[in-house]
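Student: Contents of entry-v9.txt (compact mmCIF, C-alpha atoms) are given next:
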```txt
# COMPACT_ATOMS: atom_id res chain seq x y z
CA MET T 1 149.70 68.36 117.85
CA ASN T 2 150.35 71.21 115.42
CA THR T 3 147.80 72.47 112.89
CA GLN T 4 149.22 70.46 109.98
CA ASP T 5 149.31 67.23 111.99
CA ALA T 6 145.76 67.80 113.24
CA SER T 7 144.54 68.40 109.69
CA LEU T 8 146.16 65.19 108.50
CA SER T 9 144.66 63.34 111.46
CA ALA T 10 141.19 64.63 110.63
CA HIS T 11 141.55 63.62 106.99
CA ALA T 12 142.97 60.22 107.88
CA LYS T 13 140.01 59.44 110.10
CA MET T 14 137.45 60.51 107.52
CA ARG T 15 139.03 59.52 104.20
CA GLY T 16 136.98 56.84 102.44
CA GLY T 17 133.97 57.12 104.76
CA TRP T 18 130.78 59.13 104.33
CA ALA T 19 129.29 62.21 105.88
CA LEU T 20 125.67 63.16 106.51
CA VAL T 21 124.35 66.72 106.27
CA VAL T 22 120.93 67.30 107.86
CA ASP T 23 119.30 70.63 106.98
CA ASP T 24 115.87 71.37 105.54
CA HIS T 25 117.07 74.42 103.59
CA PRO T 26 118.33 73.31 100.13
CA LEU T 27 120.79 76.19 99.72
CA PHE T 28 122.39 75.60 103.11
CA CYS T 29 122.54 71.86 102.39
CA ASP T 30 124.42 72.57 99.16
CA ALA T 31 126.72 75.06 100.89
CA LEU T 32 127.57 72.63 103.69
CA GLU T 33 128.22 69.86 101.18
CA LEU T 34 130.66 72.09 99.28
CA THR T 35 132.31 73.13 102.54
CA LEU T 36 132.89 69.51 103.58
CA LYS T 37 134.34 68.69 100.18
CA SER T 38 136.82 71.53 100.61
CA VAL T 39 137.99 70.66 104.15
CA ALA T 40 137.81 66.84 104.31
CA GLU T 41 138.07 63.79 102.07
CA PHE T 42 134.83 61.82 102.18
CA ALA T 43 133.99 59.14 99.66
CA GLN T 44 130.37 60.32 99.77
CA ILE T 45 128.37 63.16 101.28
CA VAL T 46 124.68 62.42 101.80
CA THR T 47 122.03 65.04 102.60
CA ALA T 48 118.69 64.80 104.41
CA ASP T 49 115.99 67.44 104.86
CA SER T 50 114.37 65.99 107.99
CA MET T 51 115.21 63.84 110.98
CA GLU T 52 113.10 61.02 109.58
CA HIS T 53 115.12 61.01 106.36
CA ALA T 54 118.39 61.28 108.27
CA LEU T 55 117.60 58.22 110.38
CA GLU T 56 116.58 56.34 107.23
CA LYS T 57 120.00 57.08 105.71
CA ILE T 58 121.71 55.65 108.79
CA ASP T 59 119.46 52.63 109.32
CA GLY T 60 121.07 49.43 108.07
CA ASN T 61 124.20 51.19 106.81
CA THR T 62 127.69 51.66 108.18
CA PRO T 63 127.45 54.70 110.50
CA PRO T 64 128.69 57.95 108.95
CA ASP T 65 132.08 59.34 109.91
CA LEU T 66 130.62 62.79 110.50
CA ILE T 67 127.20 64.41 110.83
CA LEU T 68 126.44 68.10 110.34
CA LEU T 69 123.08 68.92 111.92
CA ASP T 70 120.84 71.98 111.88
CA LEU T 71 118.63 72.29 114.97
CA ASN T 72 115.64 73.74 113.12
CA LEU T 73 114.02 70.77 111.42
CA PRO T 74 110.33 70.26 110.64
CA ASP T 75 109.88 66.96 112.47
CA VAL T 76 111.76 67.35 115.77
CA SER T 77 111.54 69.64 118.77
CA GLY T 78 114.41 71.10 120.77
CA LEU T 79 117.49 68.92 121.07
CA ASP T 80 115.48 65.75 120.55
CA GLY T 81 116.84 65.38 117.02
CA LEU T 82 120.44 65.42 118.23
CA ILE T 83 119.66 62.90 120.97
CA ARG T 84 117.99 60.58 118.45
CA LEU T 85 120.92 60.83 116.03
CA LYS T 86 123.39 60.01 118.79
CA ARG T 87 121.37 56.93 119.68
CA ALA T 88 121.36 55.82 116.03
CA ALA T 89 125.09 56.49 115.54
CA ASP T 90 126.61 56.86 118.98
CA LYS T 91 130.24 56.77 117.84
CA THR T 92 129.78 59.38 115.10
CA PRO T 93 130.82 62.96 115.89
CA VAL T 94 127.96 65.42 115.35
CA ILE T 95 128.65 69.07 114.64
CA ILE T 96 125.70 71.39 115.16
CA VAL T 97 125.56 74.06 112.46
CA SER T 98 123.06 76.70 113.53
CA SER T 99 122.27 80.39 113.25
CA MET T 100 121.23 80.32 116.93
CA THR T 101 124.38 80.77 118.98
CA ASP T 102 123.28 81.63 122.52
CA ASN T 103 125.43 80.08 125.23
CA ALA T 104 122.42 78.10 126.50
CA ILE T 105 121.92 76.53 123.08
CA ILE T 106 125.58 75.60 122.70
CA SER T 107 125.81 74.19 126.24
CA GLY T 108 122.64 72.17 125.74
CA ALA T 109 123.91 70.74 122.46
CA ILE T 110 127.27 69.74 123.96
CA GLU T 111 125.50 68.20 126.96
CA ALA T 112 123.31 66.18 124.57
CA GLY T 113 126.37 64.71 122.86
CA ALA T 114 127.43 67.11 120.12
CA SER T 115 131.15 67.09 119.36
CA GLY T 116 131.12 70.66 118.15
CA PHE T 117 129.06 73.76 117.40
CA VAL T 118 129.71 75.98 114.38
CA PRO T 119 127.68 79.13 113.64
CA LYS T 120 125.87 78.75 110.33
CA HIS T 121 127.57 81.60 108.49
CA SER T 122 131.12 80.66 109.50
CA HIS T 123 133.98 80.63 107.01
CA ARG T 124 135.38 77.31 105.80
CA SER T 125 138.41 77.82 108.00
CA VAL T 126 136.17 77.50 111.08
CA PHE T 127 134.85 74.15 109.85
CA GLN T 128 138.44 73.07 109.22
CA GLU T 129 139.39 74.12 112.74
CA ALA T 130 136.39 72.23 114.15
CA LEU T 131 137.36 69.01 112.35
CA GLU T 132 140.95 69.30 113.52
CA HIS T 133 139.85 69.92 117.10
CA ILE T 134 137.46 66.96 117.10
CA ALA T 135 140.06 64.69 115.46
CA GLY T 136 142.34 65.54 118.36
CA GLY T 137 139.74 64.35 120.85
CA GLY T 138 138.33 67.74 121.79
CA VAL T 139 134.91 69.39 121.65
CA PHE T 140 134.74 72.46 119.43
CA THR T 141 132.92 75.59 120.56
CA PRO T 142 132.82 78.92 118.69
CA ALA T 143 134.58 82.12 119.66
CA GLY T 144 132.69 84.01 122.33
CA PHE T 145 131.20 80.95 123.98
CA VAL T 146 131.16 81.17 127.78
CA GLU T 147 131.10 77.77 129.46
CA GLY T 148 128.56 77.45 132.25
CA ASP T 149 126.41 80.37 131.09
CA THR T 150 123.28 78.36 130.40
CA CYS T 151 119.81 77.31 131.52
CA GLU T 152 120.82 74.85 134.23
CA GLU T 153 117.52 72.94 134.49
CA GLY T 154 117.20 72.58 130.72
CA THR T 155 120.77 71.32 130.43
CA LYS T 156 120.26 68.82 133.25
CA ALA T 157 117.13 67.53 131.52
CA VAL T 158 118.99 67.08 128.24
CA SER T 159 121.82 65.22 129.99
CA ARG T 160 119.41 62.84 131.69
CA LEU T 161 117.44 62.15 128.51
CA SER T 162 120.68 61.46 126.63
CA SER T 163 121.36 58.54 129.00
CA LEU T 164 118.25 56.62 127.90
CA THR T 165 118.49 53.70 125.50
CA ASN T 166 116.49 53.69 122.25
CA GLN T 167 113.80 51.47 123.77
CA GLN T 168 113.60 53.56 126.92
CA ALA T 169 113.33 56.75 124.87
CA ARG T 170 110.48 55.26 122.82
CA ILE T 171 108.67 54.20 125.99
CA LEU T 172 109.08 57.69 127.45
CA GLU T 173 107.58 59.15 124.27
CA LEU T 174 104.55 56.89 124.72
CA ILE T 175 104.30 57.85 128.40
CA CYS T 176 104.27 61.50 127.31
CA GLU T 177 101.35 60.61 125.03
CA GLY T 178 99.46 59.42 128.12
CA LYS T 179 99.61 55.70 127.38
CA LEU T 180 99.54 53.10 130.14
CA ASN T 181 101.94 50.17 130.47
CA LYS T 182 99.45 47.75 128.90
CA GLN T 183 99.02 50.01 125.86
CA ILE T 184 102.77 50.53 125.53
CA ALA T 185 103.35 46.77 125.67
CA PHE T 186 100.82 46.28 122.86
CA ASP T 187 102.32 49.07 120.72
CA LEU T 188 105.88 47.76 121.07
CA SER T 189 104.98 44.05 121.04
CA ILE T 190 106.73 43.37 124.33
CA ALA T 191 105.58 41.98 127.69
CA GLU T 192 103.99 44.34 130.18
CA THR T 193 106.54 43.23 132.78
CA THR T 194 109.27 44.37 130.39
CA VAL T 195 107.60 47.76 130.09
CA LYS T 196 107.45 48.05 133.88
CA ALA T 197 111.16 47.25 134.14
CA HIS T 198 111.95 49.91 131.53
CA VAL T 199 109.77 52.49 133.29
CA THR T 200 111.61 51.82 136.55
CA ALA T 201 114.96 52.26 134.75
CA ILE T 202 113.73 55.47 133.07
CA MET T 203 112.67 57.02 136.37
CA ARG T 204 115.99 56.05 137.95
CA LYS T 205 118.00 57.63 135.12
CA LEU T 206 115.88 60.77 135.14
CA GLY T 207 116.05 61.02 138.93
CA VAL T 208 112.27 61.14 139.38
CA GLN T 209 109.70 59.24 141.43
CA SER T 210 106.67 59.22 139.13
CA ARG T 211 105.59 59.08 135.48
CA THR T 212 104.33 62.66 135.73
CA GLN T 213 107.75 63.87 136.84
CA ALA T 214 109.34 61.94 133.95
CA VAL T 215 107.07 63.78 131.51
CA LEU T 216 108.10 67.12 133.05
CA VAL T 217 111.79 66.27 132.58
CA ALA T 218 111.10 65.47 128.92
CA GLN T 219 109.33 68.81 128.52
CA ASP T 220 112.29 70.61 130.09
CA ALA T 221 114.44 69.53 127.11
CA LYS T 222 112.10 71.04 124.51
CA PHE T 223 112.79 74.26 122.57
CA ALA T 224 110.94 76.49 125.02
CA ASN T 225 113.35 75.62 127.81
CA VAL T 226 116.66 75.23 125.97
CA LEU T 227 116.32 77.45 122.91
CA PRO T 228 114.78 80.93 122.50
CA SER T 229 111.12 81.08 121.56
CA SER T 230 110.37 81.40 117.85
CA SER T 231 107.23 83.44 118.52
```
Mind turning this structure into structure tokens?
Tutor:
Amino acid sequence: MNTQDASLSAHAKMRGGWALVVDDHPLFCDALELTLKSVAEFAQIVTADSMEHALEKIDGNTPPDLILLDLNLPDVSGLDGLIRLKRAADKTPVIIVSSMTDNAIISGAIEAGASGFVPKHSHRSVFQEALEHIAGGGVFTPAGFVEGDTCEEGTKAVSRLSSLTNQQARILELICEGKLNKQIAFDLSIAETTVKAHVTAIMRKLGVQSRTQAVLVAQDAKFANVLPSSS
């Protein structure tokens, strides 16, 4: 597929649909919206300044045709936001747009389900290239990225967590809060036997033998293990 054909393919897939930009910085949100308008043909571009607002935009609506996501949001930690978005709109390509471009970050994001990674200050041509690459069935990574140069344990943790269903992910969150099966059943209005079945499935998917080990896997996917410390 040549560049012109790829561009037409990208536009054909996205024409008439809508895109979602998730970034808590108003200026960057505006800039990304303008960039999308210049490189693709969406009927509507919606913005959200938090993961909560982003999920509200998706809930009950036709899934967006594209999501641009910043990793630094006020209400999520690590790659959890990306994982939650992919659960809410699993068929939608997500492009991470971030100023943090370490190989470990990029690898973790791709492992968690991102279709591409574009450095935040990239020119519009890079976004165009990313859309063309994704439309052709590929995963876009920026120049200079070295595949395999990453935090192996953190990436494994992200991959395992990405395999959980929405219900399993919610149950794991409650386990991390120290809640017992009976409390989880009450919180989610489901039978305790159902909780036990989910816990068994969670431990199998995470490759662990206990609830404590499951909590440790969840912690391995947080910022401290996948992304550089902000301190």
Student: So, with only C-alpha atoms as the atoms that count, which of T:Ile58, T:Arg170, T:Leu34, T:Pro119 lies closest to His198 (chain T)?
Tutor: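 Distance minimum relative to His198 (chain T) lands on T:Arg170.
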Student: Which is closest to Leu216 (chain T) among T:Ala185, T:Val94, T:Glu173, T:Asp70, if we use only C-alpha atoms?
Tutor: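 Going through T:Ala185, T:Val94, T:Glu173, T:Asp70 one by one, the smallest distance to Leu216 (chain T) is for T:Glu173.
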Student: Neighbourhood query: residues within 9 Å of (127.0, 62.7, 101.4), file coordinates, counting all atoms listed in the file; return as a list in words.
Tutor: Trp18, Ala19, Leu20, Val21, Glu33, Phe42, Ala43, Gln44, Ile45, Val46 and Thr47 of chain T
Student: Given 5 Å of margin on each side, can you work out the centre and size in Å (one decimal) of an axis-aligned box holding every listed atom of region 203-222 of chain T, as JSON?
Tutor:
```
{"center_x": 111.2, "center_y": 63.5, "center_z": 133.0, "size_x": 23.7, "size_y": 25.0, "size_z": 26.9}
```
Student: I'd like the neighbourhood of Asp59 (chain T) as a list in words, where a residue qualifies if any of its atoms comes within 12 Å (using all atoms listed in the file), though same-chain residues fewer than 5 positions away should be ignored.
Tutor: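 So, after excluding close chain neighbours, the residues are Glu52, His53, Ala54, Pro64, Leu85, Arg87, Ala88 and Ala89 of chain T.
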Student: Nearest to Leu55 (chain T): which of T:Val195, T:Ala112, T:Ile83, T:Val217 is it, counting only C-alpha atoms?
Tutor: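 Closest to Leu55 (chain T) of all the choices is T:Ile83.
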Student: Would you compute the distance between CA of Ala201 (chain T) and CA of Lys86 (chain T)? Give it in Å to one decimal.
Tutor: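 So the two atoms, CA of Ala201 (chain T) and CA of Lys86 (chain T), lie 19.6 Å apart.
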Student: What's the 10 Å shell around Val126 (chain T), counting all atoms listed in the file, without same-chain residues fewer than 5 positions away, as a list in words?
Tutor: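 So, after excluding close chain neighbours, the residues are Val39, Val118, Pro119, His121, Leu131, Glu132, Phe140, Pro142 and Ala143 of chain T.
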Student: From the options T:Thr92, T:Ser107, T:Ser159, T:Ser115, which residue's atoms come nearest to Asp65 (chain T), counting all atoms listed in the file?
Tutor: T:Thr92
Student: One number please: CA of Cys29 (chain T) to CA of Ile105 (chain T), in Å, one decimal.
Tutor: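 These atoms are spaced 21.2 Å apart.
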Student: At what distance in Å, to one decimal, does CA of Val158 (chain T) lie from CA of Leu32 (chain T)?
Tutor: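 Separation between CA of Leu32 (chain T) and CA of Val158 (chain T): 26.6 Å.
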Student: Which is closer to Ala135 (chain T) than all the others in T:Val215, T:Pro93, T:Gly81, T:Leu172, using all atoms listed in the file?
Tutor: T:Pro93
Student: Under the rule that only C-alpha atoms are counted, which of T:Arg84, T:Lys179, T:Phe127, T:Thr141 is the nearest residue to Thr165 (chain T)?
Tutor: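 The answer is T:Arg84, which sits nearest to Thr165 (chain T).
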Student: Any idea what's packed within 10 Å of Ile106 (chain T), counting all atoms listed in the file, ignoring anything in its chain fewer than 3 positions away? Could you give it as a count of residues only?
Tutor: 24
Student: Within 8 Å of Asp24 (chain T), counting only C-alpha atoms, which residues qualify if same-chain residues fewer than 6 places away don't, as a list of chain:residue names?
Tutor: T:Ala48, T:Asp49, T:Ser50, T:Asn72, T:Leu73, T:Pro74
Student: Could you save those same residues with C-alpha atoms as a compact mmCIF listing (two decimals), in the frame of the given file?
Tutor:
```
# COMPACT_ATOMS: atom_id res chain seq x y z
CA ALA T 48 118.69 64.80 104.41
CA ASP T 49 115.99 67.44 104.86
CA SER T 50 114.37 65.99 107.99
CA ASN T 72 115.64 73.74 113.12
CA LEU T 73 114.02 70.77 111.42
CA PRO T 74 110.33 70.26 110.64
```
